[in-house]
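Working notes for the structure below.
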Amino acid sequence: MEIKQILLDENEISNAIEKIASELNGFYSGYQEVVLVSILKGSIVFTSDLMRKLKFPVGLDFMAASSYGDSTRTSGVVKINKDLDQPIAGKNVLLIEDIVDTGLTISYIRNLLASRSPKTLKICAFLDKPTRRQTELTIDFTGVRIPDKFVVGYGLDWNEKYRNLPYVAVLG
Ligand code: 5GP
């Protein structure tokens with residue numbers, strides 16, 4: 001497997017971040033606090049770029065889930081490897097995901113967090129592959145819709161490689 005094509009360069013990524021940040025700043029304007037729940041590990045690059053553009057008060061927590069083994073296709077099985085540090089009951093929670101593919105991972109996490117009675121719960125995803133969806137899911141804030149290709153870079157890996165690439169590339 002190697003880099004075949006650059007799908008989003010640094011400039012396109014930065015434009016997408018500006019767009020999502022401006023939507024979030026509009027939506028959360030006046031909120032006292034929003035807890036950003038970043039899904040490890042892939043979302044850290046997106047989260048760190050995005051949070052610096054947010055103009056409302058934020059908290060930060062992490063969750064780790066895995067639905068992929070070594071392959072490039074989901075198993076459909078979601079395992080929580082790390083739970084939140086803080087309770088979220090009564091809080092405004094924004095889930096931050098790197099990529100939504102079948103939607104199984106984020107749906108599972110959303111349902112889990114919803115059961116803890118947050119005040120509000122929204123989903124923000126940097127990349128979306130809508131043609132692959134296997135579950136009904138509303139993504140409240142989306143960066144870029146991409147075709148059904150396996151991508152790496154900007155936090156996303158293949159077998160733990162390529163997370164450090166500053167661009168999003170198609171692997172093949
Ligand atoms: P889903 O449960 O929506 O099928 O998959 C979500 C997770 O699968 C993402 O958080 C990510 O870890 C992984 N994933 C889905 N598509 C891709 C992709 O194109 N590239 C990489 N590197 N990971 C992906």
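Every chain in the structure tokens has a letter given in the order shown (A, B, ...), and although residue numbers restart at 1 in each chain, ligands are simply numbered from 1 in the order shown.
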Neighbouring residues of Leu7 in chain A were defined as those with any atom within 7 Å, considering only C-alpha atoms; residues of the same chain fewer than 5 positions away were excluded. Please report them as a ChimeraX atom specification.
/A:168-170
Export of prior selection with C-alpha atoms as a PDB file, in the first residue's frame:
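Result written to again.pdb:
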ATOM      1  CA  VAL A 168      -5.168  13.702   3.056  1.00  0.00           C
ATOM      2  CA  ALA A 169      -4.167  11.103   0.497  1.00  0.00           C
ATOM      3  CA  VAL A 170      -5.684   8.054  -1.128  1.00  0.00           C
TER       4      VAL A 170
END
What do you get as number ranges by chain if you pick all residues at most 8 Å from ligand 1, counting only C-alpha atoms and all ligand atoms?
A: 39, 41-43, 65-68, 72-74, 76, 78, 97-107, 129, 132-133, 148-153, 156-158, 170
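Residue nearest Gly30 in chain A, chosen from A:Leu112, A:Lys91, A:Asn15, A:Phe56 and counting only C-alpha atoms: A:Phe56.
Among A:Phe126, A:Leu40, A:Leu94, A:Val77, the residue with the shortest atom-to-atom distance to Tyr108 in chain A, counting only C-alpha atoms, is A:Val77.
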Contact residues around Pro57 in chain A with only C-alpha atoms at 8 Å, ignoring same-chain residues under 3 positions, as a ChimeraX atom specification
/A:31-34,54
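The environment of Ile13 in chain A within 9 Å, counting only C-alpha atoms and disregarding residues fewer than 6 places along the same chain, consists of Gly143, Val144, Tyr154, Pro166, Tyr167 and Val168 of chain A.
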Based on DSSP run over this structure's backbone, return all residues of range 8-162 of chain A in helix (DSSP H, G or I), as a PyMOL selection string.
chain A and resi 10-27+44-51+104-114+130-132
Produce a file of the selected residues containing N, CA and C atoms, as a short mmCIF file (atom, residue, chain, number, x, y, z; two decimals), in the first residue's frame.
data_model
loop_
_atom_site.label_atom_id
_atom_site.label_comp_id
_atom_site.auth_asym_id
_atom_site.auth_seq_id
_atom_site.Cartn_x
_atom_site.Cartn_y
_atom_site.Cartn_z
N GLU A 10 -2.94 21.01 1.96
CA GLU A 10 -2.97 21.78 3.21
C GLU A 10 -3.91 22.97 3.12
N ASN A 11 -3.95 23.58 1.95
CA ASN A 11 -4.80 24.74 1.75
C ASN A 11 -6.28 24.36 1.80
N GLU A 12 -6.61 23.26 1.15
CA GLU A 12 -8.01 22.78 1.16
C GLU A 12 -8.43 22.37 2.57
N ILE A 13 -7.51 21.77 3.31
CA ILE A 13 -7.81 21.38 4.69
C ILE A 13 -8.08 22.63 5.52
N SER A 14 -7.21 23.62 5.37
CA SER A 14 -7.38 24.84 6.16
C SER A 14 -8.69 25.56 5.83
N ASN A 15 -9.09 25.55 4.56
CA ASN A 15 -10.39 26.13 4.19
C ASN A 15 -11.55 25.37 4.83
N ALA A 16 -11.43 24.05 4.86
CA ALA A 16 -12.50 23.23 5.47
C ALA A 16 -12.59 23.51 6.97
N ILE A 17 -11.45 23.67 7.62
CA ILE A 17 -11.44 23.97 9.06
C ILE A 17 -12.12 25.32 9.32
N GLU A 18 -11.78 26.31 8.50
CA GLU A 18 -12.41 27.65 8.65
C GLU A 18 -13.92 27.54 8.52
N LYS A 19 -14.37 26.75 7.56
CA LYS A 19 -15.82 26.61 7.31
C LYS A 19 -16.51 25.97 8.51
N ILE A 20 -15.97 24.87 9.01
CA ILE A 20 -16.60 24.20 10.16
C ILE A 20 -16.57 25.11 11.38
N ALA A 21 -15.41 25.77 11.61
CA ALA A 21 -15.27 26.63 12.78
C ALA A 21 -16.30 27.75 12.73
N SER A 22 -16.52 28.29 11.56
CA SER A 22 -17.47 29.39 11.47
C SER A 22 -18.91 28.90 11.72
N GLU A 23 -19.22 27.69 11.26
CA GLU A 23 -20.54 27.10 11.57
C GLU A 23 -20.69 26.86 13.07
N LEU A 24 -19.64 26.31 13.68
CA LEU A 24 -19.70 26.03 15.12
C LEU A 24 -19.78 27.33 15.93
N ASN A 25 -19.01 28.33 15.52
CA ASN A 25 -19.04 29.61 16.25
C ASN A 25 -20.42 30.25 16.17
N GLY A 26 -21.10 30.07 15.04
CA GLY A 26 -22.47 30.57 14.92
C GLY A 26 -23.41 29.79 15.81
N PHE A 27 -23.33 28.48 15.73
CA PHE A 27 -24.27 27.62 16.46
C PHE A 27 -24.09 27.75 17.98
N ILE A 44 -7.09 13.65 16.49
CA ILE A 44 -6.33 14.64 17.26
C ILE A 44 -5.84 15.81 16.41
N VAL A 45 -5.46 15.54 15.18
CA VAL A 45 -4.93 16.62 14.34
C VAL A 45 -6.07 17.60 14.00
N PHE A 46 -7.20 17.03 13.59
CA PHE A 46 -8.38 17.83 13.29
C PHE A 46 -8.82 18.62 14.53
N THR A 47 -8.88 17.95 15.68
CA THR A 47 -9.32 18.61 16.91
C THR A 47 -8.42 19.78 17.26
N SER A 48 -7.12 19.57 17.16
CA SER A 48 -6.21 20.64 17.58
C SER A 48 -6.26 21.82 16.62
N ASP A 49 -6.45 21.56 15.34
CA ASP A 49 -6.60 22.68 14.39
C ASP A 49 -7.93 23.40 14.63
N LEU A 50 -8.99 22.61 14.79
CA LEU A 50 -10.33 23.19 14.92
C LEU A 50 -10.50 23.97 16.21
N MET A 51 -10.05 23.42 17.33
CA MET A 51 -10.35 24.06 18.62
C MET A 51 -9.71 25.44 18.74
N LEU A 104 -21.04 3.22 11.87
CA LEU A 104 -21.27 2.34 13.02
C LEU A 104 -20.53 2.83 14.27
N THR A 105 -19.30 3.29 14.10
CA THR A 105 -18.52 3.72 15.26
C THR A 105 -19.15 4.93 15.93
N ILE A 106 -19.42 5.96 15.16
CA ILE A 106 -19.92 7.20 15.76
C ILE A 106 -21.34 7.01 16.30
N SER A 107 -22.14 6.16 15.65
CA SER A 107 -23.49 5.87 16.16
C SER A 107 -23.41 5.20 17.52
N TYR A 108 -22.51 4.26 17.62
CA TYR A 108 -22.35 3.55 18.89
C TYR A 108 -21.93 4.52 19.99
N ILE A 109 -20.95 5.36 19.68
CA ILE A 109 -20.46 6.31 20.69
C ILE A 109 -21.54 7.33 21.04
N ARG A 110 -22.24 7.80 19.99
CA ARG A 110 -23.31 8.77 20.25
C ARG A 110 -24.36 8.17 21.19
N ASN A 111 -24.78 6.94 20.93
CA ASN A 111 -25.80 6.31 21.79
C ASN A 111 -25.29 6.12 23.21
N LEU A 112 -24.02 5.75 23.31
CA LEU A 112 -23.43 5.56 24.64
C LEU A 112 -23.43 6.89 25.41
N LEU A 113 -23.00 7.96 24.76
CA LEU A 113 -22.94 9.26 25.43
C LEU A 113 -24.34 9.81 25.69
N ALA A 114 -25.27 9.56 24.78
CA ALA A 114 -26.65 10.04 24.97
C ALA A 114 -27.26 9.41 26.23
N PRO A 130 -20.42 9.42 2.52
CA PRO A 130 -21.86 9.15 2.67
C PRO A 130 -22.34 7.90 1.94
N THR A 131 -21.65 7.50 0.88
CA THR A 131 -22.14 6.34 0.12
C THR A 131 -21.96 5.03 0.88
N ARG A 132 -21.19 5.05 1.95
CA ARG A 132 -20.88 3.82 2.67
C ARG A 132 -21.77 3.60 3.90
#
If you run DSSP on the backbone, which residues of range 59-158 of chain A are strand (DSSP E or B), as JSON, numbers by chain?
{"A": [59, 60, 61, 62, 63, 64, 65, 66, 79, 80, 81, 82, 92, 93, 94, 95, 96, 97, 98, 99, 100, 120, 121, 122, 123, 124, 125, 126, 127, 128, 141, 142, 143, 144, 145, 151, 152, 153, 156, 158]}
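Here CA of Asn159 in chain A and CA of Gly172 in chain A stand 13.5 Å from one another.
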Considering only C-alpha atoms, state which residue in the set A:Ala125, A:Gln5, A:Tyr28, A:Asn164 is at the smallest distance from Lys55 in chain A.
A:Tyr28
